[in-house]
$ cat target-v8.cif   # mmCIF, N, CA and C atoms
data_protein
loop_
_atom_site.label_atom_id
_atom_site.label_comp_id
_atom_site.auth_asym_id
_atom_site.auth_seq_id
_atom_site.Cartn_x
_atom_site.Cartn_y
_atom_site.Cartn_z
N MET A 23 103.89 67.42 15.44
CA MET A 23 105.31 67.54 15.63
C MET A 23 105.63 68.29 16.93
N VAL A 24 104.88 69.33 17.25
CA VAL A 24 105.12 70.11 18.46
C VAL A 24 104.98 69.22 19.69
N GLU A 25 103.94 68.43 19.74
CA GLU A 25 103.72 67.55 20.90
C GLU A 25 104.81 66.50 21.00
N ARG A 26 105.19 65.92 19.88
CA ARG A 26 106.27 64.92 19.89
C ARG A 26 107.55 65.55 20.41
N ASN A 27 107.88 66.74 19.93
CA ASN A 27 109.09 67.41 20.39
C ASN A 27 109.01 67.74 21.88
N ARG A 28 107.87 68.20 22.33
CA ARG A 28 107.70 68.54 23.74
C ARG A 28 108.00 67.35 24.63
N ARG A 29 107.56 66.19 24.20
CA ARG A 29 107.74 64.99 25.01
C ARG A 29 109.10 64.32 24.81
N ALA A 30 109.70 64.47 23.62
CA ALA A 30 110.88 63.66 23.29
C ALA A 30 112.22 64.39 23.38
N ILE A 31 112.26 65.68 23.07
CA ILE A 31 113.59 66.31 22.96
C ILE A 31 113.85 67.38 24.01
N GLY A 32 112.97 67.54 24.95
CA GLY A 32 113.19 68.50 26.01
C GLY A 32 112.77 69.90 25.63
N LEU A 33 112.71 70.75 26.62
CA LEU A 33 112.17 72.10 26.43
C LEU A 33 113.03 72.94 25.48
N HIS A 34 114.34 72.98 25.70
CA HIS A 34 115.19 73.80 24.83
C HIS A 34 115.13 73.34 23.38
N GLY A 35 115.16 72.04 23.16
CA GLY A 35 115.07 71.51 21.79
C GLY A 35 113.72 71.78 21.16
N ALA A 36 112.65 71.65 21.94
CA ALA A 36 111.31 71.90 21.42
C ALA A 36 111.12 73.38 21.06
N VAL A 37 111.66 74.27 21.89
CA VAL A 37 111.57 75.70 21.59
C VAL A 37 112.35 76.00 20.31
N ALA A 38 113.54 75.46 20.17
CA ALA A 38 114.35 75.69 18.97
C ALA A 38 113.64 75.17 17.72
N SER A 39 113.02 74.01 17.82
CA SER A 39 112.30 73.44 16.68
C SER A 39 111.10 74.30 16.30
N SER A 40 110.33 74.76 17.29
CA SER A 40 109.19 75.62 17.01
C SER A 40 109.63 76.94 16.40
N ARG A 41 110.75 77.47 16.88
CA ARG A 41 111.29 78.72 16.30
C ARG A 41 111.65 78.53 14.82
N ARG A 42 112.28 77.41 14.50
CA ARG A 42 112.65 77.14 13.10
C ARG A 42 111.41 77.07 12.22
N LEU A 43 110.38 76.38 12.70
CA LEU A 43 109.14 76.28 11.93
C LEU A 43 108.50 77.66 11.76
N GLY A 44 108.41 78.41 12.84
CA GLY A 44 107.77 79.71 12.82
C GLY A 44 108.52 80.76 12.02
N ALA A 45 109.83 80.60 11.90
CA ALA A 45 110.63 81.56 11.14
C ALA A 45 110.19 81.63 9.69
N GLU A 46 109.56 80.58 9.20
CA GLU A 46 109.09 80.54 7.81
C GLU A 46 107.67 81.10 7.66
N GLU A 47 107.03 81.43 8.78
CA GLU A 47 105.66 81.93 8.76
C GLU A 47 105.65 83.45 8.85
N ARG A 48 104.57 84.04 8.38
CA ARG A 48 104.43 85.50 8.48
C ARG A 48 104.09 85.87 9.92
N ALA A 49 104.44 87.08 10.29
CA ALA A 49 104.06 87.61 11.60
C ALA A 49 102.65 88.17 11.47
N ARG A 50 101.73 87.64 12.23
CA ARG A 50 100.34 88.08 12.15
C ARG A 50 100.14 89.41 12.88
N PRO A 51 99.20 90.21 12.39
CA PRO A 51 98.81 91.41 13.16
C PRO A 51 98.21 90.96 14.51
N GLU A 52 98.19 91.85 15.49
CA GLU A 52 97.74 91.50 16.84
C GLU A 52 96.36 90.84 16.86
N ARG A 53 95.42 91.37 16.11
CA ARG A 53 94.06 90.80 16.10
C ARG A 53 94.09 89.35 15.61
N ASP A 54 94.82 89.09 14.55
CA ASP A 54 94.91 87.73 14.02
C ASP A 54 95.68 86.81 14.98
N ARG A 55 96.67 87.37 15.62
CA ARG A 55 97.44 86.57 16.58
C ARG A 55 96.58 86.18 17.77
N ASN A 56 95.75 87.09 18.25
CA ASN A 56 94.83 86.76 19.35
C ASN A 56 93.84 85.69 18.92
N ARG A 57 93.38 85.78 17.69
CA ARG A 57 92.48 84.75 17.15
C ARG A 57 93.18 83.39 17.11
N LEU A 58 94.44 83.38 16.67
CA LEU A 58 95.23 82.15 16.64
C LEU A 58 95.36 81.57 18.04
N ARG A 59 95.65 82.41 19.03
CA ARG A 59 95.77 81.93 20.42
C ARG A 59 94.48 81.29 20.91
N ARG A 60 93.35 81.92 20.59
CA ARG A 60 92.05 81.36 21.02
C ARG A 60 91.80 80.01 20.37
N LEU A 61 92.11 79.90 19.09
CA LEU A 61 91.93 78.64 18.37
C LEU A 61 92.83 77.54 18.95
N ILE A 62 94.08 77.88 19.18
CA ILE A 62 95.01 76.92 19.79
C ILE A 62 94.48 76.47 21.15
N SER A 63 93.98 77.39 21.94
CA SER A 63 93.47 77.08 23.27
C SER A 63 92.26 76.14 23.21
N VAL A 64 91.35 76.39 22.28
CA VAL A 64 90.17 75.53 22.13
C VAL A 64 90.58 74.12 21.76
N VAL A 65 91.45 74.00 20.78
CA VAL A 65 91.90 72.67 20.34
C VAL A 65 92.67 71.98 21.46
N ASP A 66 93.54 72.73 22.15
CA ASP A 66 94.36 72.15 23.22
C ASP A 66 93.49 71.57 24.34
N ARG A 67 92.42 72.26 24.69
CA ARG A 67 91.53 71.76 25.75
C ARG A 67 90.84 70.45 25.38
N CYS A 68 90.72 70.18 24.09
CA CYS A 68 90.05 68.96 23.62
C CYS A 68 90.94 67.73 23.65
N LEU A 69 92.23 67.92 23.86
CA LEU A 69 93.16 66.79 23.89
C LEU A 69 93.00 66.01 25.19
N PRO A 70 93.39 64.74 25.18
CA PRO A 70 93.15 63.88 26.35
C PRO A 70 93.68 64.41 27.67
N ASP A 71 94.80 65.15 27.66
CA ASP A 71 95.34 65.64 28.93
C ASP A 71 94.68 66.94 29.40
N GLY A 72 93.71 67.45 28.61
CA GLY A 72 92.95 68.62 29.02
C GLY A 72 93.66 69.95 28.81
N GLY A 73 94.80 69.94 28.18
CA GLY A 73 95.49 71.19 27.87
C GLY A 73 96.85 71.30 28.52
N ASN A 74 97.74 72.00 27.83
CA ASN A 74 99.10 72.14 28.32
C ASN A 74 99.65 73.48 27.85
N CYS A 75 100.08 74.32 28.77
CA CYS A 75 100.56 75.66 28.43
C CYS A 75 101.84 75.62 27.61
N VAL A 76 102.71 74.65 27.86
CA VAL A 76 103.93 74.53 27.06
C VAL A 76 103.57 74.23 25.62
N ARG A 77 102.68 73.29 25.42
CA ARG A 77 102.25 72.93 24.06
C ARG A 77 101.63 74.13 23.35
N ARG A 78 100.79 74.88 24.05
CA ARG A 78 100.16 76.06 23.43
C ARG A 78 101.20 77.08 22.99
N ALA A 79 102.17 77.38 23.85
CA ALA A 79 103.20 78.36 23.50
C ALA A 79 104.06 77.86 22.34
N LEU A 80 104.44 76.60 22.37
CA LEU A 80 105.25 76.04 21.28
C LEU A 80 104.50 76.06 19.96
N LEU A 81 103.22 75.74 20.00
CA LEU A 81 102.42 75.73 18.78
C LEU A 81 102.27 77.14 18.22
N GLU A 82 102.05 78.11 19.09
CA GLU A 82 101.96 79.49 18.62
C GLU A 82 103.27 79.92 17.96
N MET A 83 104.39 79.54 18.55
CA MET A 83 105.69 79.87 17.95
C MET A 83 105.87 79.23 16.58
N ALA A 84 105.37 78.01 16.44
CA ALA A 84 105.53 77.28 15.18
C ALA A 84 104.63 77.84 14.08
N LEU A 85 103.54 78.51 14.45
CA LEU A 85 102.56 78.97 13.47
C LEU A 85 102.62 80.47 13.18
N ASP A 86 103.41 81.22 13.94
CA ASP A 86 103.43 82.67 13.76
C ASP A 86 104.88 83.17 13.80
N GLY A 87 105.27 83.89 12.76
CA GLY A 87 106.63 84.42 12.69
C GLY A 87 106.98 85.37 13.82
N GLY A 88 106.02 86.18 14.26
CA GLY A 88 106.28 87.08 15.38
C GLY A 88 106.49 86.32 16.68
N ALA A 89 105.68 85.33 16.91
CA ALA A 89 105.82 84.51 18.13
C ALA A 89 107.13 83.75 18.13
N ALA A 90 107.59 83.33 16.96
CA ALA A 90 108.84 82.59 16.86
C ALA A 90 110.04 83.42 17.32
N ARG A 91 109.92 84.74 17.25
CA ARG A 91 111.03 85.61 17.64
C ARG A 91 110.94 86.04 19.10
N GLU A 92 109.88 85.67 19.79
CA GLU A 92 109.72 86.08 21.19
C GLU A 92 110.40 85.13 22.15
N ALA A 93 110.64 85.65 23.35
CA ALA A 93 111.16 84.79 24.41
C ALA A 93 110.06 83.85 24.89
N PHE A 94 110.43 82.60 25.10
CA PHE A 94 109.56 81.59 25.72
C PHE A 94 109.88 81.65 27.21
N LEU A 95 108.86 81.84 28.04
CA LEU A 95 109.05 81.97 29.48
C LEU A 95 108.41 80.81 30.21
N ALA A 96 109.11 80.31 31.21
CA ALA A 96 108.58 79.23 32.05
C ALA A 96 108.73 79.66 33.51
N GLY A 97 107.60 79.82 34.18
CA GLY A 97 107.61 80.20 35.59
C GLY A 97 107.46 78.97 36.47
N LEU A 98 108.22 78.92 37.55
CA LEU A 98 108.23 77.76 38.44
C LEU A 98 108.02 78.18 39.88
N GLN A 99 107.25 77.39 40.62
CA GLN A 99 107.04 77.59 42.05
C GLN A 99 107.98 76.66 42.81
N SER A 100 108.52 77.14 43.89
CA SER A 100 109.49 76.34 44.65
C SER A 100 108.88 75.11 45.30
N ASP A 101 107.56 75.13 45.56
CA ASP A 101 106.95 73.96 46.20
C ASP A 101 106.78 72.80 45.23
N GLY A 102 106.92 73.04 43.93
CA GLY A 102 106.86 71.98 42.92
C GLY A 102 105.51 71.31 42.85
N GLY A 103 105.47 70.18 42.16
CA GLY A 103 104.24 69.42 42.02
C GLY A 103 103.45 69.83 40.80
N PRO A 104 102.44 69.03 40.46
CA PRO A 104 101.60 69.32 39.30
C PRO A 104 100.92 70.69 39.41
N GLY A 105 100.92 71.42 38.32
CA GLY A 105 100.26 72.70 38.29
C GLY A 105 101.02 73.83 38.97
N SER A 106 102.28 73.61 39.33
CA SER A 106 103.03 74.64 40.05
C SER A 106 103.86 75.51 39.11
N GLY A 107 103.69 75.33 37.81
CA GLY A 107 104.43 76.14 36.85
C GLY A 107 103.52 76.58 35.71
N HIS A 108 104.07 77.42 34.87
CA HIS A 108 103.32 77.90 33.71
C HIS A 108 104.30 78.34 32.65
N ALA A 109 103.90 78.22 31.38
CA ALA A 109 104.71 78.67 30.25
C ALA A 109 103.90 79.65 29.42
N TRP A 110 104.58 80.66 28.88
CA TRP A 110 103.92 81.66 28.06
C TRP A 110 104.97 82.36 27.20
N LEU A 111 104.52 83.16 26.27
CA LEU A 111 105.41 83.95 25.44
C LEU A 111 105.51 85.36 26.00
N ALA A 112 106.60 86.04 25.70
CA ALA A 112 106.88 87.35 26.30
C ALA A 112 105.77 88.37 26.05
N SER A 113 105.06 88.27 24.93
CA SER A 113 104.01 89.25 24.63
C SER A 113 102.75 89.04 25.46
N GLN A 114 102.65 87.94 26.14
CA GLN A 114 101.48 87.67 26.97
C GLN A 114 101.76 88.11 28.40
N GLN A 115 100.74 88.57 29.06
CA GLN A 115 100.86 89.02 30.44
C GLN A 115 100.39 87.91 31.38
N THR A 116 101.01 87.82 32.52
CA THR A 116 100.53 86.91 33.56
C THR A 116 100.57 87.65 34.89
N ARG A 117 99.54 87.47 35.68
CA ARG A 117 99.49 88.08 37.01
C ARG A 117 100.04 87.15 38.06
N ASP A 118 100.27 85.91 37.67
CA ASP A 118 100.79 84.92 38.61
C ASP A 118 102.22 85.26 39.01
N ARG A 119 102.57 84.88 40.22
CA ARG A 119 103.92 85.08 40.74
C ARG A 119 104.65 83.74 40.76
N TYR A 120 105.91 83.76 40.36
CA TYR A 120 106.71 82.55 40.33
C TYR A 120 108.03 82.80 41.07
N ASP A 121 108.55 81.76 41.67
CA ASP A 121 109.81 81.87 42.39
C ASP A 121 110.99 81.97 41.41
N ALA A 122 110.82 81.41 40.24
CA ALA A 122 111.86 81.49 39.22
C ALA A 122 111.18 81.54 37.86
N VAL A 123 111.74 82.34 36.95
CA VAL A 123 111.25 82.40 35.58
C VAL A 123 112.44 82.16 34.66
N ILE A 124 112.31 81.17 33.81
CA ILE A 124 113.36 80.82 32.84
C ILE A 124 112.95 81.41 31.50
N SER A 125 113.89 82.04 30.84
CA SER A 125 113.64 82.60 29.52
C SER A 125 114.48 81.86 28.49
N ILE A 126 113.81 81.37 27.45
CA ILE A 126 114.51 80.64 26.39
C ILE A 126 114.30 81.41 25.09
#

$ encode --input "target-v8.cif" --output "structure tokens"
Amino acid sequence: MVERNRRAIGLHGAVASSRRLGAEERARPERDRNRLRRLISVVDRCLPDGGNCVRRALLEMALDGGAAREAFLAGLQSDGGPGSGHAWLASQQTRDRYDAVISI
């Protein structure tokens, strides 16, 4: 469902849908949440497109009540093109610099 939403209803709709799903889930302790992130990352890399940061963040939101309440962040580079952006949740740190960051 997360992947279908990501492709079909746009970013704002996909975030809202993942939040609704995650609102029904318990908030995991940090150790369990890190384990969930690693599992999501392993599975995501096995998909035909080789992984997608938006999909990973949306899936984490859908599976964890704490993640569902966090801001979804999308960083964009002004030069555009493939690989010029990144998505993550507010609790995650990124050292990358972006020309614009959208918070949903």

$ residues_around --input "target-v8.cif" --residues "Val76 of chain A" --least-positions-apart "2" --cutoff "6.5 Å" --atoms "all atoms listed in the file" --output "JSON list (two decimals) with N, CA and C atoms, keeping the file's coordinate frame"
[["chain", "number", "residue", "atom", "x", "y", "z"],
["A", 74, "ASN", "N", 97.74, 72.00, 27.83],
["A", 74, "ASN", "CA", 99.10, 72.14, 28.32],
["A", 74, "ASN", "C", 99.65, 73.48, 27.85],
["A", 78, "ARG", "N", 100.79, 74.88, 24.05],
["A", 78, "ARG", "CA", 100.16, 76.06, 23.43],
["A", 78, "ARG", "C", 101.20, 77.08, 22.99],
["A", 79, "ALA", "N", 102.17, 77.38, 23.85],
["A", 79, "ALA", "CA", 103.20, 78.36, 23.50],
["A", 79, "ALA", "C", 104.06, 77.86, 22.34],
["A", 80, "LEU", "N", 104.44, 76.60, 22.37],
["A", 80, "LEU", "CA", 105.25, 76.04, 21.28],
["A", 80, "LEU", "C", 104.50, 76.06, 19.96],
["A", 81, "LEU", "N", 103.22, 75.74, 20.00],
["A", 81, "LEU", "CA", 102.42, 75.73, 18.78],
["A", 81, "LEU", "C", 102.27, 77.14, 18.22],
["A", 108, "HIS", "N", 104.07, 77.42, 34.87],
["A", 108, "HIS", "CA", 103.32, 77.90, 33.71],
["A", 108, "HIS", "C", 104.30, 78.34, 32.65],
["A", 109, "ALA", "N", 103.90, 78.22, 31.38],
["A", 109, "ALA", "CA", 104.71, 78.67, 30.25],
["A", 109, "ALA", "C", 103.90, 79.65, 29.42],
["A", 110, "TRP", "N", 104.58, 80.66, 28.88],
["A", 110, "TRP", "CA", 103.92, 81.66, 28.06],
["A", 110, "TRP", "C", 104.97, 82.36, 27.20]]

$ resolve_selection --input "target-v8.cif" --expression "the PyMOL selection byres (((chain A and resi 55 and name CA) around 12) and name CA)" --output "ChimeraX atom specification"
/A:48-54,56-62,82-83,85-89,113-114

$ select_by_dssp --input "target-v8.cif" --residues "chain A" --states "strand (DSSP E or B)" --output "MDAnalysis selection string"
chainID A and resid 94:98 107:111 122:125

$ residues_near_point --input "target-v8.cif" --point "(107.2, 84.5, 42.6)" --cutoff "8 Å" --atoms "only N, CA and C atoms" --output "ChimeraX atom specification"
/A:98-100,118-123

$ atom_distance --input "target-v8.cif" --atom1 "atom N of Gly44 of chain A" --atom2 "atom C of Ala90 of chain A"
6.9 Å

$ closest_residue --input "target-v8.cif" --among "A:Cys75, A:Leu95, A:Ala36, A:Ala45" --to "Ile124 of chain A" --atoms "only N, CA and C atoms"
A:Leu95

$ residues_near_point --input "target-v8.cif" --point "(110.6, 73.9, 12.7)" --cutoff "8 Å" --atoms "all atoms listed in the file" --output "count of residues only"
10

$ atom_distance --input "target-v8.cif" --atom1 "atom C of Thr116 of chain A" --atom2 "atom CA of Gly97 of chain A"
10.3 Å

$ atom_distance --input "target-v8.cif" --atom1 "atom C of Val64 of chain A" --atom2 "atom C of Pro104 of chain A"
20.7 Å

$ closest_residue --input "target-v8.cif" --among "A:Glu25, A:Ile126, A:Ala112, A:Val37" --to "Asp66 of chain A" --atoms "only C-alpha atoms"
A:Glu25
